[in-house]
Structure formats: structure tokens, C-alpha cells
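Trainee: Contents are compact mmCIF, C-alpha atoms; file name upload.txt:
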# COMPACT_ATOMS: atom_id res chain seq x y z
CA MET A 6 44.42 8.23 110.29
CA LEU A 7 41.64 6.56 108.30
CA LYS A 8 40.79 9.90 106.72
CA ARG A 9 44.43 10.49 105.77
CA THR A 10 44.67 6.95 104.41
CA LEU A 11 41.56 7.47 102.31
CA SER A 12 42.96 10.73 101.00
CA ARG A 13 45.83 8.68 99.52
CA PHE A 14 43.48 6.16 97.90
CA HIS A 15 44.71 7.04 94.42
CA VAL A 16 48.30 6.29 95.46
CA TYR A 17 47.29 2.79 96.60
CA ILE A 18 45.42 2.16 93.35
CA LEU A 19 48.34 3.41 91.27
CA TRP A 20 50.74 1.18 93.20
CA ALA A 21 48.51 -1.87 92.66
CA LEU A 22 48.36 -1.18 88.91
CA ALA A 23 52.11 -0.60 88.74
CA SER A 24 52.76 -3.86 90.62
CA VAL A 25 50.60 -5.86 88.24
CA PHE A 26 52.20 -4.23 85.21
CA ILE A 27 55.81 -4.52 86.38
CA TRP A 28 55.66 -8.10 87.71
CA SER A 29 53.64 -9.32 84.72
CA PHE A 30 56.36 -7.90 82.50
CA VAL A 31 59.08 -9.53 84.62
CA PHE A 32 57.33 -12.90 84.58
CA THR A 33 56.74 -12.68 80.84
CA ARG A 34 60.48 -12.14 80.44
CA ILE A 35 61.58 -14.96 82.74
CA THR A 36 58.99 -17.49 81.57
CA ASP A 37 59.66 -16.97 77.89
CA ALA A 38 62.68 -17.43 75.68
CA PRO A 39 63.64 -16.51 72.13
CA PRO A 40 62.42 -18.97 69.45
CA GLU A 41 65.86 -20.57 69.10
CA LYS A 42 65.82 -21.53 72.78
CA LYS A 43 62.31 -22.87 73.13
CA LEU A 44 60.11 -25.54 71.58
CA SER A 45 56.54 -24.55 70.89
CA LEU A 46 53.49 -26.67 70.30
CA TYR A 47 50.24 -25.08 69.18
CA ILE A 48 47.10 -27.11 69.79
CA SER A 49 43.73 -26.50 68.21
CA ALA A 50 41.41 -28.22 70.65
CA PRO A 51 38.44 -27.16 72.77
CA SER A 52 40.48 -27.37 75.96
CA VAL A 53 44.15 -27.82 76.83
CA GLN A 54 45.91 -27.80 80.19
CA ASP A 55 48.83 -26.08 78.55
CA THR A 56 51.00 -25.49 81.62
CA GLU A 57 50.80 -29.06 82.90
CA LEU A 58 51.34 -30.51 79.42
CA ALA A 59 54.38 -28.28 78.86
CA ALA A 60 55.84 -29.25 82.24
CA ARG A 61 55.36 -32.96 81.52
CA LEU A 62 56.83 -32.69 78.03
CA GLU A 63 59.84 -30.84 79.41
CA GLY A 64 60.55 -33.54 81.97
CA ASP A 65 64.10 -33.30 83.26
CA ASP A 66 66.03 -33.73 80.05
CA LEU A 67 65.55 -30.90 77.61
CA PRO A 68 67.76 -31.02 74.51
CA LEU A 69 70.95 -29.00 74.59
CA GLY A 70 70.31 -25.29 74.01
CA ILE A 71 66.59 -25.53 74.75
CA ARG A 72 65.32 -23.77 77.85
CA MET A 73 61.63 -24.58 77.77
CA VAL A 74 58.63 -26.11 76.05
CA LYS A 75 55.68 -23.86 75.38
CA VAL A 76 52.22 -25.23 74.73
CA HIS A 77 49.63 -22.80 73.46
CA PRO A 78 46.03 -23.18 72.40
CA PHE A 79 45.40 -21.66 68.99
CA SER A 80 43.43 -18.88 70.63
CA TYR A 81 46.74 -17.67 72.12
CA ALA A 82 47.67 -15.93 68.90
CA MET A 83 46.32 -15.06 65.52
CA PHE A 84 47.55 -17.48 62.92
CA ASP A 85 49.58 -14.84 61.14
CA SER A 86 51.65 -13.98 64.22
CA SER A 87 55.34 -14.71 63.89
CA ASP A 88 55.32 -16.75 67.08
CA LEU A 89 52.65 -19.04 65.72
CA LEU A 90 54.14 -19.32 62.26
CA SER A 91 57.50 -20.36 63.65
CA ALA A 92 55.98 -23.00 65.94
CA ASP A 93 57.72 -26.37 65.93
CA LEU A 94 54.66 -28.60 66.16
CA PHE A 95 50.97 -28.19 65.47
CA LEU A 96 48.15 -30.37 66.65
CA VAL A 97 45.02 -29.74 64.54
CA PRO A 98 41.82 -31.60 63.66
CA ALA A 99 41.52 -33.00 60.14
CA SER A 100 39.00 -30.37 59.08
CA GLU A 101 41.45 -27.54 59.81
CA ALA A 102 44.56 -29.20 58.39
CA GLU A 103 43.89 -28.19 54.78
CA GLY A 104 43.42 -24.57 55.73
CA TYR A 105 46.74 -24.35 57.54
CA GLN A 106 48.73 -26.70 55.29
CA ASP A 107 51.16 -24.01 54.13
CA SER A 108 52.45 -23.81 57.70
CA PHE A 109 53.08 -27.56 57.90
CA ALA A 110 56.08 -29.54 56.66
CA PRO A 111 56.68 -33.13 55.56
CA LEU A 112 57.59 -35.48 58.41
CA PRO A 113 61.21 -36.34 59.14
CA PRO A 114 62.11 -39.80 57.85
CA ARG A 115 61.82 -41.58 61.19
CA PHE A 116 58.05 -40.93 61.40
CA THR A 117 55.30 -42.72 59.48
CA PRO A 118 52.63 -40.39 58.07
CA ASP A 119 48.95 -41.08 58.68
CA LEU A 120 47.81 -38.15 56.56
CA THR A 121 49.34 -36.41 53.55
CA LEU A 122 48.03 -33.06 52.42
CA GLU A 123 48.00 -31.62 48.89
CA ASN A 124 51.20 -29.67 49.37
CA GLY A 125 53.05 -32.71 50.72
CA ALA A 126 52.75 -31.81 54.40
CA GLN A 127 52.31 -34.90 56.51
CA GLY A 128 50.63 -35.53 59.85
CA ILE A 129 50.66 -38.22 62.52
CA LEU A 130 47.40 -39.41 64.01
CA VAL A 131 47.17 -38.48 67.68
CA TYR A 132 43.41 -38.76 68.21
CA ASP A 133 41.26 -41.43 66.65
CA ALA A 134 37.67 -40.33 66.36
CA GLN A 135 36.37 -43.90 65.93
CA THR A 136 37.94 -45.28 69.09
CA HIS A 137 37.92 -41.95 70.98
CA GLN A 138 41.51 -42.66 71.96
CA GLY A 139 44.01 -39.82 72.02
CA LEU A 140 47.45 -39.08 73.35
CA TRP A 141 47.58 -37.02 76.54
CA ASP A 142 43.78 -37.07 76.63
CA ALA A 143 43.86 -36.35 80.35
CA LEU A 144 45.21 -32.92 79.48
CA ILE A 145 43.72 -32.33 76.04
CA VAL A 146 40.01 -32.37 75.25
CA TYR A 147 40.04 -33.22 71.56
CA GLN A 148 36.34 -33.03 70.87
CA ALA A 149 33.82 -30.58 72.23
CA PRO A 150 30.64 -32.25 73.51
CA GLY A 151 28.13 -32.53 70.68
CA ALA A 152 30.64 -31.60 67.99
CA GLN A 153 31.29 -33.76 64.97
CA GLU A 154 33.91 -36.40 65.70
CA GLU A 155 37.11 -36.11 63.68
CA ASN A 156 40.69 -37.27 63.83
CA CYS A 157 43.47 -34.96 65.05
CA TYR A 158 46.98 -34.94 63.64
CA LEU A 159 50.40 -33.76 64.71
CA PHE A 160 52.34 -31.73 62.13
CA PHE A 161 55.83 -30.29 62.03
CA GLY A 162 56.00 -26.56 61.44
CA ALA A 163 57.37 -25.45 58.09
CA GLU A 164 59.23 -22.58 59.74
CA SER A 165 60.47 -24.56 62.73
CA LEU A 166 64.01 -23.71 63.79
CA HIS A 167 64.45 -27.10 65.43
CA ALA A 168 63.55 -29.61 62.75
CA GLY A 169 66.69 -29.47 60.64
CA LYS A 170 69.66 -31.78 60.37
CA LEU A 171 71.67 -29.88 62.94
CA ASP A 172 68.92 -29.06 65.40
CA THR A 173 66.60 -31.98 66.05
CA ALA A 174 64.91 -30.68 69.18
CA ALA A 175 61.49 -30.59 67.46
CA ILE A 176 61.90 -34.27 66.61
CA TRP A 177 62.71 -34.94 70.27
CA LEU A 178 59.53 -33.09 71.28
CA ALA A 179 57.40 -34.98 68.76
CA GLN A 180 58.75 -38.30 70.04
CA ARG A 181 58.12 -37.22 73.64
CA PHE A 182 54.55 -36.30 72.69
CA LEU A 183 53.94 -39.51 70.76
CA GLU A 184 55.25 -41.63 73.62
CA GLY A 185 52.32 -40.24 75.56
CA SER A 186 51.92 -40.20 79.30
CA GLN A 187 48.83 -40.68 81.33
CA MET B 6 85.76 57.57 137.88
CA VAL B 7 82.33 56.12 137.16
CA ILE B 8 80.11 57.98 134.75
CA LEU B 9 76.51 57.45 135.66
CA GLY B 10 74.07 57.26 132.80
CA GLU B 11 70.31 57.24 133.05
CA ASN B 12 70.19 53.47 133.53
CA SER B 13 73.48 53.07 135.28
CA VAL B 14 73.77 51.57 138.72
CA ASN B 15 74.74 53.79 141.56
CA PRO B 16 78.19 52.67 142.82
CA LYS B 17 76.78 52.80 146.23
CA PHE B 18 74.66 49.76 145.40
CA ALA B 19 77.17 48.07 143.15
CA TRP B 20 77.55 45.22 145.58
CA THR B 21 73.93 44.23 144.85
CA LEU B 22 74.71 43.59 141.16
CA PRO B 23 75.60 39.92 141.55
CA ILE B 24 72.36 39.32 143.45
CA HIS B 25 70.41 41.27 140.87
CA PHE B 26 72.10 39.29 138.13
CA LEU B 27 71.26 36.02 139.85
CA LEU B 28 67.62 37.04 140.24
CA CYS B 29 67.35 38.02 136.62
CA TYR B 30 69.28 34.96 135.56
CA ASN B 31 66.83 32.84 137.51
CA PHE B 32 64.01 34.70 135.89
CA HIS B 33 65.37 33.89 132.40
CA MET B 34 65.83 30.29 133.40
CA ASN B 35 62.08 30.17 134.05
CA ILE B 36 61.34 30.64 130.40
CA GLN B 37 59.71 27.49 129.20
CA GLU B 38 61.27 26.73 125.83
CA LEU B 39 59.06 24.49 123.73
CA TYR B 40 61.73 23.90 121.10
CA ARG B 41 65.32 23.05 121.90
CA PRO B 42 68.19 22.23 119.56
CA GLU B 43 68.54 18.81 121.20
CA ASP B 44 64.88 18.12 120.35
CA LEU B 45 65.65 18.89 116.75
CA SER B 46 68.56 16.44 116.70
CA ARG B 47 66.34 13.84 118.40
CA LEU B 48 63.68 14.33 115.71
CA THR B 49 66.30 14.09 112.99
CA ARG B 50 67.67 10.89 114.52
CA LYS B 51 64.15 9.48 114.78
CA ARG B 52 63.50 10.34 111.14
CA ASN B 53 66.73 8.62 110.09
CA ILE B 54 65.78 5.51 112.04
CA TRP B 55 62.38 5.40 110.32
CA ARG B 56 64.01 5.91 106.97
CA ALA B 57 66.43 3.04 107.58
CA ALA B 58 63.59 0.80 108.79
CA LEU B 59 61.51 1.54 105.71
CA LEU B 60 64.48 0.93 103.43
CA LEU B 61 65.04 -2.39 105.19
CA LEU B 62 61.38 -3.36 104.76
CA THR B 63 61.49 -2.37 101.09
CA ALA B 64 64.63 -4.43 100.54
CA LEU B 65 63.04 -7.36 102.36
CA ALA B 66 59.87 -7.29 100.24
CA LEU B 67 61.86 -6.88 97.05
CA GLY B 68 64.24 -9.66 98.11
CA ILE B 69 61.34 -12.07 98.68
CA CYS B 70 59.90 -11.24 95.25
CA VAL B 71 63.28 -11.72 93.55
CA LEU B 72 63.85 -14.98 95.43
CA LEU B 73 60.48 -16.28 94.26
CA CYS B 74 61.33 -15.24 90.70
CA THR B 75 64.42 -17.44 90.84
CA ARG B 76 62.21 -20.42 91.77
CA VAL B 77 59.98 -20.10 88.72
CA ASN B 78 59.47 -23.10 86.48
CA THR B 79 56.88 -23.96 83.86
CA ARG B 80 54.52 -25.59 86.33
CA ASN B 81 54.51 -22.96 89.09
CA ALA B 82 54.95 -19.80 86.99
CA ALA B 83 51.30 -18.72 87.06
CA SER B 84 50.83 -19.27 90.79
CA LEU B 85 54.17 -17.64 91.68
CA GLU B 86 53.28 -14.65 89.53
CA ARG B 87 50.07 -14.19 91.48
CA ILE B 88 51.93 -14.59 94.79
CA VAL B 89 54.64 -12.09 93.82
CA ILE B 90 52.08 -9.55 92.63
CA GLY B 91 50.17 -10.02 95.89
CA ILE B 92 53.29 -9.54 98.01
CA SER B 93 54.27 -6.51 95.97
CA ILE B 94 50.86 -4.84 96.30
CA LEU B 95 50.41 -5.53 100.01
CA SER B 96 53.96 -4.63 101.02
CA GLY B 97 53.73 -1.50 98.88
CA TRP B 98 50.52 -0.45 100.60
CA VAL B 99 52.06 -1.03 104.02
CA LEU B 100 55.20 0.90 103.07
CA ILE B 101 53.23 3.78 101.56
CA THR B 102 51.17 4.00 104.75
CA LEU B 103 54.24 3.85 107.00
CA ARG B 104 56.08 6.35 104.87
CA TYR B 105 53.31 8.92 105.17
CA GLU B 106 52.37 8.21 108.77
CA LEU B 107 55.89 7.99 110.17
CA LEU B 108 58.58 9.26 107.85
CA VAL B 109 56.86 12.22 106.25
CA LEU B 110 55.23 13.39 109.48
CA SER B 111 58.48 13.08 111.47
CA ARG B 112 60.27 14.99 108.72
CA ARG B 113 57.64 17.73 108.84
CA GLU B 114 57.89 17.77 112.64
CA ALA B 115 61.67 18.25 112.37
CA GLU B 116 61.27 20.92 109.68
CA HIS B 117 58.74 22.70 111.85
CA ALA B 118 61.07 22.55 114.86
CA ALA B 119 63.97 23.90 112.78
CA HIS B 120 61.74 26.67 111.50
CA MET B 121 60.68 27.58 115.03
CA LEU B 122 64.26 27.62 116.29
CA ALA B 123 65.54 29.76 113.45
CA GLY B 124 62.63 32.16 113.04
CA PRO B 125 62.43 35.74 114.38
CA ARG B 126 60.88 35.83 117.84
CA GLU B 127 58.24 38.20 119.04
CA LYS B 128 57.35 38.73 122.66
CA ARG B 129 53.75 39.21 123.70
CA SER B 130 51.94 39.28 127.02
CA GLY B 131 48.34 38.73 127.94
CA LEU B 132 45.72 36.23 128.92
CA LEU B 133 46.36 33.04 127.03
CA SER B 134 43.48 30.63 126.53
CA LEU B 135 42.79 27.54 124.45
CA SER B 136 40.57 27.72 121.44
CA PRO B 137 38.51 24.61 120.65
CA ASP B 138 40.02 24.50 117.14
CA SER B 139 42.50 21.71 116.51
CA VAL B 140 43.63 21.25 112.94
CA ARG B 141 46.20 19.24 111.07
CA ILE B 142 48.14 21.22 108.53
CA PRO B 143 47.83 19.01 105.43
CA GLY B 144 50.75 16.60 105.36
CA SER B 145 52.28 18.20 108.42
CA ILE B 146 51.88 18.67 112.17
CA ARG B 147 48.65 18.96 114.14
CA VAL B 148 48.22 22.37 115.76
CA ARG B 149 45.96 23.71 118.48
CA ARG B 150 44.70 27.25 118.21
CA LEU B 151 45.21 29.65 121.13
CA ILE B 152 43.81 33.08 121.86
CA LEU B 153 45.92 35.75 123.48
CA GLN B 154 44.00 38.71 124.96
CA GLU B 155 46.54 41.47 124.57
CA ASP B 156 45.64 45.07 125.44
CA GLY B 157 41.97 44.34 124.83
CA GLN B 158 42.68 42.74 121.49
CA ALA B 159 42.39 39.05 120.80
CA ARG B 160 45.25 37.59 118.86
CA ARG B 161 45.13 34.14 117.36
CA LEU B 162 48.16 31.98 118.00
CA SER B 163 48.98 28.32 117.36
CA VAL B 164 50.90 25.65 119.17
CA ASN B 165 52.11 22.26 118.08
CA VAL B 166 49.75 19.77 119.74
CA SER B 167 52.70 17.71 120.93
CA LYS B 168 53.84 20.79 122.91
CA LEU B 169 50.44 21.55 124.40
CA SER B 170 51.09 19.88 127.73
CA GLN B 171 54.12 22.13 128.29
CA LEU B 172 51.91 25.21 128.33
CA GLY B 173 50.48 24.26 131.71
CA GLU B 174 47.08 25.31 132.99
CA LEU B 175 45.20 27.67 130.69
CA PRO B 176 43.77 30.27 130.69
CA ARG B 177 46.28 32.35 132.57
CA THR B 178 48.27 35.51 132.11
CA VAL B 179 51.62 34.79 130.56
CA THR B 180 54.28 36.24 128.35
CA VAL B 181 54.78 34.19 125.23
CA TYR B 182 57.42 34.16 122.56
CA THR B 183 56.13 33.44 119.10
CA VAL B 184 57.59 32.68 115.72
CA HIS B 185 55.16 33.33 112.89
CA ASP B 186 52.32 33.17 115.45
CA TYR B 187 53.44 29.80 116.76
CA VAL B 188 54.15 29.73 120.49
CA VAL B 189 57.76 28.69 120.97
CA ALA B 190 58.32 29.71 124.61
CA LEU B 191 56.49 31.22 127.52
CA GLU B 192 57.18 32.80 130.86
CA GLU B 193 55.03 33.80 133.77
CA GLU B 194 54.49 37.54 134.15
CA SER B 195 56.93 38.72 136.74
CA PRO B 196 57.79 42.08 138.26
CA CYS B 197 61.42 41.37 137.46
Would you mind writing the file's structure down as C-alpha cells?

Mentor:
Amino acid sequence: MLKRTLSRFHVYILWALASVFIWSFVFTRITDAPPEKKLSLYISAPSVQDTELAARLEGDDLPLGIRMVKVHPFSYAMFDSSDLLSADLFLVPASEAEGYQDSFAPLPPRFTPDLTLENGAQGILVYDAQTHQGLWDALIVYQAPGAQEENCYLFFGAESLHAGKLDTAAIWLAQRFLEGSQ
Amino acid sequence: MVILGENSVNPKFAWTLPIHFLLCYNFHMNIQELYRPEDLSRLTRKRNIWRAALLLLTALALGICVLLCTRVNTRNAASLERIVIGISILSGWVLITLRYELLVLSRREAEHAAHMLAGPREKRSGLLSLSPDSVRIPGSIRVRRLILQEDGQARRLSVNVSKLSQLGELPRTVTVYTVHDYVVALEEESPC
């Protein structure tokens, strides 16, 4: 029987590959949603516990029409990908803000800006390099060891589908993030 | 008036016909059939049971995976994905193994039996002995080779290993019925 089993080794390998491929596809489908039904936050930081942060931001009270919150490190996608460009919120260090400023928008009126870029995009301070205090710093490592200390800011995405007058889900997410939770 | 042909029975001994018939009938009853239609239906039923069992197992594994998919949330998605992939791979391997070892082999066994029942029979007599060769036809039944010494010539025959015990003690002189060189029945040599 062992000999017969070994003679079918390729079938077992093919099945394993097919299982990984099929179920990965299924899980990608059921754990993702179209941009109009999800809120996305891209974070440029050395380390992010993206799943835990997304789960905590979601809580139990997502805005109407929103199915999930997605948190991605910047390494998740190239900056020119449509997913990244249509992100609702960005968290970036000060040194990178200028480079990405075309993707950022001015803050909604209820927020007070801590940083204003040349094109008018505005950010909110979420990590203070002088005090080493940051929001959600149990889940986000803002500074790599030995790297130069710098502030990090939260920006609204210029292409966000949820930061308009009718859809304010991105504002809800920003408030949830700024409330912090340790 | 009775016309007597070369092989006709003399009316004088006509009364012995029933006895003769009984003797010959008994002789035919001594033929050891290795394949019977009821065996074929038993094999087919067995195959259907295995098929149903495998379908049930497949549905069970798939049902567990689908159930887990319905429990997915942001926090457990990664771990559930790994669990579902693991269940899928392992259950698939088990089902592939069972399918080949049980379903396919029982189907081949049934096909072989049907082939033996339907095929043209040849009758041969001689000294039948076992050959040491035992081979599995790829993806099919295991057969044991036999040698039939017939008129000074050795003829190679085969028998389904599962039928080997029905051949009795070998070597011995027997009359065998074969289909495509597979032994399907045998009878002891008899003066009748």
C-alpha cells in the first residue's frame, strides 16, 4: 500500500497546492470588500500589528454601509496602486509627508491641524518624537531602533470615498483612531 | 418407432437415463465456479456503499470548511485560513487514499468479475500448479500466476488472488475453465 501511495505522490502535492490556492482565494474574497464598503488606513511605520489594530478600530459599531476596517503597512502595496491611492487615512512620518502630499487632503473642519503642507494638505500629530508618546503605540512601532526621531501625522486621503458631506465614515475612523486605546 | 443414431441410447436401457442424468447433473454441480452473478452484485453494492461513504466524508469536510468561513472576522481571519487550508489538505489526502484503495479497486474488482462472467470460456485439463509470481495489475486486482501442464506443454494462467483459496490443494490434475487465461472455474477430472 505504501508503494501505491508513493506512486500517487504527485496527486497529493497537486491537491495541497490546489487547496492553498482555492482557500486563499476564498478568504481573500470574504475578508475584503469593495472600496465603498470598507475603510482603509495605510501606515508607514517600521512595524504594525495590522490585524489587531483593525479589529480594535472596528469595535462593534461600524458606520452604516461599512463592512470592515483595513489597516495596511505601506509595504502592502506600491504607492501608485489604486487601493493605496483611494485609502481613507494615511499615517506617515514628517519626512515622508512632503513626498506623498498630493495624496493627502485638508482636514475636515472638526479637526485641528498640527501640520500644513505646501499644497494645503493637513495632518494631525499622532506621534511626538520629543516625548516618545504615540497613539496605539502598543500596536504601532513608530520609530525603528537607532533611526532618527521624527513626528508622525495622520492625513485624510485626497481620493477617499468616505470623507465627503454625505459619507463621513472616514471622519468616524479618524476620531476612533485619535481617541486611542491602550 | 425409435431411430437409433450413433450416440443414441438403446431403448433397452432407456430406464437408466434418469440415473445417468442425475450422475451427470451431479458431476456438473461439482464445477467450482469462482465467479457468480451474485458475487458481481455484491461487489457492485460494496462499491456503491464506498462511494456513498466517500461522498459523505467529502461533504463533511467541505461543510466544516464552509462553516469556519462563516465564522471569519478581522481578528481570526488569518488563523482560520490556516485551519481551513489544513483541514482541506488533510481531508483531501485521506479521501484520495480511500478513493484509490477502496473505491477504485472495488470498481476494478467488479469490472474484472463482470468481464470473467461475460467472456468466452475455454476448457483445459492438466496438472495445475502455483507459480511463485504474484503481481498487481496497475490500478486493478492482484493476480497469482498458475502453470497448467497440458499435453506436455506448460501454459501460463492467472487467478484473482482473492479466489486463490477456492482452487484447493495444488498441484493436482484438474479441468479448468478460463476466460482470457484467467481461471474462472474448475472441476476434478472424472471418468463421467

Trainee: Write out as a list in words which residues come within 10 Å of Thr178 of chain B when counting all atoms listed in the file, dropping same-chain ones fewer than 5 positions away.

Mentor: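 Listing them by chain and then by number gives Ser130, Gly131, Leu132, Leu133, Ser134, Leu153, Gln154, Glu155, Glu192, Glu193 and Glu194 of chain B.
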
Trainee: Give one line per residue of chain B that approaches chain A to at most 6 Å, naming the two atoms of the closest pair and their distance in Å to one decimal, counting all atoms listed in the file; sort by chain then ascending residue number and deliver it as a tab-separated table.

Mentor:
residue	atom	partner	partner_atom	distance
B:Thr79	CA	A:Ala60	CA	5.6
B:Arg80	CA	A:Ala60	CA	5.6
B:Ile90	CA	A:Val25	CA	5.9
B:Ile94	CA	A:Ala21	CA	5.3

Trainee: What is the distance, in Å and to one decimal place, between atom CA of Gly185 of chain A and atom CA of Ile145 of chain A?

Mentor: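 Atom CA of Ile145 of chain A lies at a distance of 11.7 Å from atom CA of Gly185 of chain A.
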
Trainee: Would you list the contacts of Asp119 of chain A as a PyMOL selection string, taking every protein, DNA or RNA residue within 9 Å and counting only C-alpha atoms, but skipping same-chain residues closer than 5 positions in sequence?

Mentor: chain A and resi 127-130+158

Trainee: Mind writing the picked residues with C-alpha atoms as a compact mmCIF listing (two decimals), in the frame of the given file?

Mentor:
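Saved result, part07.txt, follows:
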# COMPACT_ATOMS: atom_id res chain seq x y z
CA GLN A 127 52.31 -34.90 56.51
CA GLY A 128 50.63 -35.53 59.85
CA ILE A 129 50.66 -38.22 62.52
CA LEU A 130 47.40 -39.41 64.01
CA TYR A 158 46.98 -34.94 63.64

Trainee: As an exercise, work out the distance from atom CA of Leu110 of chain B to atom CA of Leu45 of chain B in Å and give it to one decimal place.

Mentor: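 One can read the atom CA of Leu110 of chain B to atom CA of Leu45 of chain B distance as 13.8 Å.
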
Trainee: Would you mind telling me which residue in B:Leu67, B:Val179, B:Gly124, B:Asp186 lies nearest to Val148 of chain B when using only C-alpha atoms?

Mentor: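 Between B:Leu67, B:Val179, B:Gly124, B:Asp186, the residue approaching Val148 of chain B most closely is B:Asp186.
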
Trainee: Determine, counting only C-alpha atoms, which protein, DNA and RNA residues have an atom within 12 Å of an atom of Val166 of chain B; residues of the same chain fewer than 6 positions away are not included. Present the result as a PDB file with C-alpha atoms, in the frame of the given file.

Mentor:
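Output file out31.pdb follows:
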ATOM      1  CA  LEU B  39      59.060  24.490 123.730  1.00  0.00           C
ATOM      2  CA  GLU B 114      57.890  17.770 112.640  1.00  0.00           C
ATOM      3  CA  LEU B 135      42.790  27.540 124.450  1.00  0.00           C
ATOM      4  CA  ASP B 138      40.020  24.500 117.140  1.00  0.00           C
ATOM      5  CA  SER B 139      42.500  21.710 116.510  1.00  0.00           C
ATOM      6  CA  VAL B 140      43.630  21.250 112.940  1.00  0.00           C
ATOM      7  CA  ARG B 141      46.200  19.240 111.070  1.00  0.00           C
ATOM      8  CA  ILE B 142      48.140  21.220 108.530  1.00  0.00           C
ATOM      9  CA  SER B 145      52.280  18.200 108.420  1.00  0.00           C
ATOM     10  CA  ILE B 146      51.880  18.670 112.170  1.00  0.00           C
ATOM     11  CA  ARG B 147      48.650  18.960 114.140  1.00  0.00           C
ATOM     12  CA  VAL B 148      48.220  22.370 115.760  1.00  0.00           C
ATOM     13  CA  ARG B 149      45.960  23.710 118.480  1.00  0.00           C
ATOM     14  CA  ARG B 150      44.700  27.250 118.210  1.00  0.00           C
ATOM     15  CA  LEU B 151      45.210  29.650 121.130  1.00  0.00           C
ATOM     16  CA  LEU B 172      51.910  25.210 128.330  1.00  0.00           C
ATOM     17  CA  TYR B 187      53.440  29.800 116.760  1.00  0.00           C
ATOM     18  CA  VAL B 188      54.150  29.730 120.490  1.00  0.00           C
TER      19      VAL B 188
END

Trainee: Can you tell me, as a list in words, what residues are no more than 12 Å from Ala115 of chain B when counting all atoms listed in the file, ignoring any on the same chain fewer than 5 positions away?

Mentor: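 Here the qualifying residues turn out to be Tyr40, Arg41, Pro42, Glu43, Asp44, Leu45, Ser46, Arg47, Leu48, Thr49, Arg50, Lys51, Arg52, Asn53, Leu107, Leu108, Val109, Leu110, His120, Met121, Leu122, Ser145, Ile146 and Asn165 of chain B.
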
Trainee: Using all atoms listed in the file, which residue out of A:Ala38, A:Val53, A:Leu44, A:Val131 lies closest to Leu67 of chain A?

Mentor: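 Answer, going by the shortest atom-to-atom distance: A:Leu44.
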
Trainee: Show me the residues around (63.4, -37.0, 68.7) - criterion: an atom at most 12 Å away, only C-alpha atoms counted - as a list in words.

Mentor: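 These residues have at least one counted atom within 12 Å: Leu67, Pro68, Leu112, Pro113, Pro114, Arg115, Phe116, His167, Ala168, Gly169, Lys170, Asp172, Thr173, Ala174, Ala175, Ile176, Trp177, Leu178, Ala179, Gln180, Arg181, Phe182, Leu183 and Glu184 of chain A.
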
Trainee: Have a look at atom CA of Leu46 of chain A and atom CA of His77 of chain A and let me know their distance in Å, one decimal.

Mentor: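 Answer for the atom CA of Leu46 of chain A to atom CA of His77 of chain A separation: 6.3 Å.
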
Trainee: Looking at A:Pro40, A:Thr136, A:Ile48, A:Glu154, which one is nearest to Phe95 of chain A, with distances taken over all atoms listed in the file?

Mentor: A:Ile48

Trainee: Write out as a short mmCIF file (atom, residue, chain, number, x, y, z; two decimals) with C-alpha atoms, keeping the file's coordinate frame the residues lying within 10 Å of Ala50 of chain A, counting only C-alpha atoms and excluding same-chain residues fewer than 6 positions away.

Mentor:
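Once everything was written out, this is part-v8.cif:
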data_model
loop_
_atom_site.label_atom_id
_atom_site.label_comp_id
_atom_site.auth_asym_id
_atom_site.auth_seq_id
_atom_site.Cartn_x
_atom_site.Cartn_y
_atom_site.Cartn_z
CA PRO A 78 46.03 -23.18 72.40
CA PHE A 79 45.40 -21.66 68.99
CA SER A 80 43.43 -18.88 70.63
CA LEU A 96 48.15 -30.37 66.65
CA VAL A 97 45.02 -29.74 64.54
CA PRO A 98 41.82 -31.60 63.66
CA ILE A 145 43.72 -32.33 76.04
CA VAL A 146 40.01 -32.37 75.25
CA TYR A 147 40.04 -33.22 71.56
CA GLN A 148 36.34 -33.03 70.87
CA ALA A 149 33.82 -30.58 72.23
CA CYS A 157 43.47 -34.96 65.05
#

Trainee: From the set B:Glu127, B:Ser136, B:Ser93, B:Ile152, which residue has the shortest atom-to-atom contact distance to Val181 of chain B, counting all atoms listed in the file?

Mentor: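 The answer is B:Glu127, which sits nearest to Val181 of chain B.
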